[in-house]
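A.B. asks: Handing you this structure, nothing more for now.
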Amino acid sequence: MDIPFLSLKDVTALHGAEISEAVNRVVNSGWYLQGKENERFEADYACFIGTKYCIGCANGLDALIWIFRAYIELGIMKPGDEVIVPANTYIATILAITENGLIPVLVEPRLNTLEINDDLIEERITDKTKAICIVHLYGRNAYTERIGQLCRKYNLKLVEDNAQAHGCKHTDGRITGSIGDAAGHSFYPGKNLGALGDGGAVTTSDPELAAAIRALANYGSQKKYVFKYTGRNSRLDEIQAAVLDVKLKYLVEDNLHRKEVAHYYYEHIKNPIIKLPDLIPDEQNVYHLYPVFCEQRDELHDYLEANGVGTVIHYPVPPHKQECYKEWNSMSLPQTEYIADHELSLPIGPSITIEEVAKIVTLLNSF
Ligand SMILES: *Cc1c(COP(=O)(O)O)cnc(C)c1O
């Protein structure tokens with residue numbers, strides 16, 4: 001592959017010396033869990049996002065699971081309650097809800113913004129609805145004032161899935177991850193802020209929620225050998241925390257490079273059969289992915305691959321069509337299905353060069 005979809009080797013090499021130094025520091029410290037590295041990263045990340053608390057945990061799925069589980073432990077939600085969630089998302093958002101015995105209520109996206117259609121939310125609210133979970137998918141801000149108003153009107157918790165949008169902002173300047181009551185973040189290697197393995201975090205300014213989540217992710221314990229909840233072991237290790245703290249310093253700069261790449265695509269892709277997503281104000285998109293839409297999507301994928309360019313579909317089968325959710329398989333969600341059938345993500349990231357992007361554009365324009 002001349003131009004891979006994402007070269008993690010190149011991404012790491014951008015800050016390679018500092019990352020190696022951080023890893024070695026932890027290796028030589030003899031302290032590998034629940035130490036200074038977690039403390040420092042959690043403080044720095046909470047400060048960056050703009051919340052009082054950050055709790056590191058094992059991965060992004062766990063971060064989301066812990067938010068809902070903590071609301072159940074605090075008596076704010078109970079199994080059987082409903083959570084409004086976009087139908088077009090990565091499966092993990094939905095898994096976090098069903099894992100807790102809560103019921104996802106799938107809401108279609110708008111095809112121009114690709115995010116949850118806030119016109120369709122109010123009609124789906126019932127007396128069992130306890131939360132709206134928004135997903136800043138592809139790196140695009142999904143929050144709207146309307147969603148905030150609905151949460152206040154119906155006394156609903158607002159949970160953000162910020163796995164794909166580290167550093168993204170709403171129009172009022174708040175950073176995604178600080179807008180709702182709690183947010184789940186993933187540090188999977190390919191994310192905008194990625195570790196060298198699995199990692200995740202919850203951000204919130206709610207002290208009770210933060211305390212419950214910290215306990216749940218540590219066997220349910222707040223005090224050594226005393227167990228308040230039946231928790232699990234879901235911690236961020238010291239090596240990953242140290243790596244993340246290095247990469248956090250460069251996140252804004254790395255996101256700016258993604259913007260440059262995205263703008264190059266916007267300005268230079270001229271093939272009328274390749275549809276680009278709506279351009280939204282710069283601060284509201286950190287371009288985790290660059291999705292395009294094409295009637296001949298599979299041919300486009302094969303053509304690019306034959307010419308040495310890697311692309312990925314996000315996501316080929318939506319949650320309601322998966323075998324694990326058989327009960328929803330007959331549901332019709334045309335916008336979500338349209339995205340699954342026509343979406344293709346072009347290469348984008350902190351290490352791809354504009355020369356490479358120009359090569360991809362030339363290929364796209366002669367498809
Ligand atoms: C990556 C991702 C997750 C899950 O994060 P992991 O760290 O891989 O468990 C959740 N939601 C969305 C939207 C994601 O993209």
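Letters A, B, ... mark the chains of the structure tokens in the order given; residue numbers begin at 1 per chain; ligand numbers begin at 1, in order shown.
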Set the distance at 8 Å and use only C-alpha atoms: which residues neighbour Cys151 in chain A once local chain neighbours fewer than 5 positions away are removed? I'd like the list as an mmCIF file with N, CA, C and O atoms, in the first residue's frame.
C.D. replies:
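The resulting file, around-v6.cif, is shown below:
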data_model
loop_
_atom_site.group_PDB
_atom_site.id
_atom_site.type_symbol
_atom_site.label_atom_id
_atom_site.label_comp_id
_atom_site.auth_asym_id
_atom_site.auth_seq_id
_atom_site.Cartn_x
_atom_site.Cartn_y
_atom_site.Cartn_z
ATOM 1 N N ALA A 131 -32.092 9.438 29.547
ATOM 2 C CA ALA A 131 -30.882 10.093 29.038
ATOM 3 C C ALA A 131 -30.927 10.230 27.526
ATOM 4 O O ALA A 131 -31.631 9.483 26.839
ATOM 5 N N ILE A 132 -30.170 11.217 27.046
ATOM 6 C CA ILE A 132 -29.848 11.298 25.624
ATOM 7 C C ILE A 132 -28.346 11.081 25.534
ATOM 8 O O ILE A 132 -27.579 11.721 26.259
ATOM 9 N N LEU A 156 -33.478 14.999 31.651
ATOM 10 C CA LEU A 156 -32.700 13.868 31.143
ATOM 11 C C LEU A 156 -31.202 14.138 31.320
ATOM 12 O O LEU A 156 -30.765 15.280 31.214
ATOM 13 N N LYS A 157 -30.445 13.086 31.575
ATOM 14 C CA LYS A 157 -28.987 13.213 31.595
ATOM 15 C C LYS A 157 -28.498 13.286 30.145
ATOM 16 O O LYS A 157 -29.044 12.625 29.258
ATOM 17 N N LEU A 158 -27.476 14.085 29.937
ATOM 18 C CA LEU A 158 -26.845 14.140 28.617
ATOM 19 C C LEU A 158 -25.485 13.451 28.714
ATOM 20 O O LEU A 158 -24.606 13.887 29.464
#
A.B. asks: Could you list, with a cut-off of 6 Å and counting only C-alpha atoms and all ligand atoms, the residues of chain A near ligand 1, each shown with its nearest atom pair and the distance in Å rounded to one decimal, rows sorted by chain and ascending number, as a Markdown table?
C.D. replies:
| residue | atom | partner | partner_atom_place_in_ligand_line | distance |
| --- | --- | --- | --- | --- |
| A:Asn59 | CA | ligand 1 | 7 (O) | 4.0 |
| A:Gly60 | CA | ligand 1 | 7 (O) | 3.4 |
| A:Leu61 | CA | ligand 1 | 9 (O) | 3.8 |
| A:Thr89 | CA | ligand 1 | 13 (C) | 5.8 |
| A:Tyr90 | CA | ligand 1 | 13 (C) | 4.8 |
| A:Ala92 | CA | ligand 1 | 10 (C) | 4.6 |
| A:Thr93 | CA | ligand 1 | 11 (N) | 5.1 |
| A:Leu137 | CA | ligand 1 | 13 (C) | 5.9 |
| A:Asp161 | CA | ligand 1 | 11 (N) | 5.9 |
| A:Ala163 | CA | ligand 1 | 14 (C) | 4.7 |
| A:Gln164 | CA | ligand 1 | 15 (O) | 5.2 |
| A:Ser186 | CA | ligand 1 | 7 (O) | 4.1 |
| A:Phe187 | CA | ligand 1 | 7 (O) | 5.6 |
| A:Tyr188 | CA | ligand 1 | 7 (O) | 4.6 |
| A:Asp198 | CA | ligand 1 | 7 (O) | 6.0 |
| A:Gly199 | CA | ligand 1 | 7 (O) | 5.9 |
| A:Gly200 | CA | ligand 1 | 7 (O) | 5.8 |
A.B. asks: Write out as a list of chain:residue names all residues of range 88-170 of chain A that DSSP puts in strand (DSSP E) for this structure's backbone.
C.D. replies: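 Result set for range 88-170 of chain A (strand (DSSP E)): A:Ile103, A:Pro104, A:Val105, A:Leu106, A:Val107, A:Thr129, A:Lys130, A:Ala131, A:Ile132, A:Cys133, A:Ile134, A:Val135, A:Lys157, A:Leu158, A:Val159, A:Glu160, A:Asp161.
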A.B. asks: Using only C-alpha atoms, pick whichever of A:Phe293, A:Tyr264, A:Tyr229, A:Tyr325 has the shortest atom-to-atom distance to Ile213 in chain A.
C.D. replies: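 Under the stated criterion, the closest residue is A:Tyr229.
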A.B. asks: When you count only C-alpha atoms, which of these residues is closest to His257 in chain A: A:Pro350, A:Gly173, A:Gly220, A:Gly167?
C.D. replies: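 Ranking A:Pro350, A:Gly173, A:Gly220, A:Gly167 by distance to His257 in chain A, first place goes to A:Pro350.
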A.B. asks: Name all residues at most 8 Å from Val261 in chain A (count only C-alpha atoms; drop same-chain ones fewer than 6 positions away) and give them as a list in words.
C.D. replies: Ile348, Ile354 and Val357 of chain A
A.B. asks: Show me, as an MDAnalysis selection string, the residues that have an atom within 12 Å of range 333-343 of chain A when counting only C-alpha atoms, minus same-chain residues fewer than 4 positions from it.
C.D. replies: chainID A and resid 86:90 106:117 138 273:277 289:301 311:321 328:329
A.B. asks: Here is a test: counting only C-alpha atoms, which residue of A:Glu42, A:Asp62, A:Glu327, A:Asp10 is nearest to Ala217 in chain A?
C.D. replies: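 When distances to Ala217 in chain A are compared using only C-alpha atoms, the smallest one comes from A:Asp62.
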A.B. asks: Nearest residue to Thr12 in chain A out of A:Asn192, A:Ser332, A:Gln222, A:Asn365, using only C-alpha atoms?
C.D. replies: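 Using only C-alpha atoms, Thr12 in chain A sits closest to A:Asn192.
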A.B. asks: Quote the spacing between CA of Lys153 in chain A and CA of Tyr71 in chain A in Å to one decimal place.
C.D. replies: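 Atom-to-atom, CA of Lys153 in chain A and CA of Tyr71 in chain A are spaced 19.3 Å apart.
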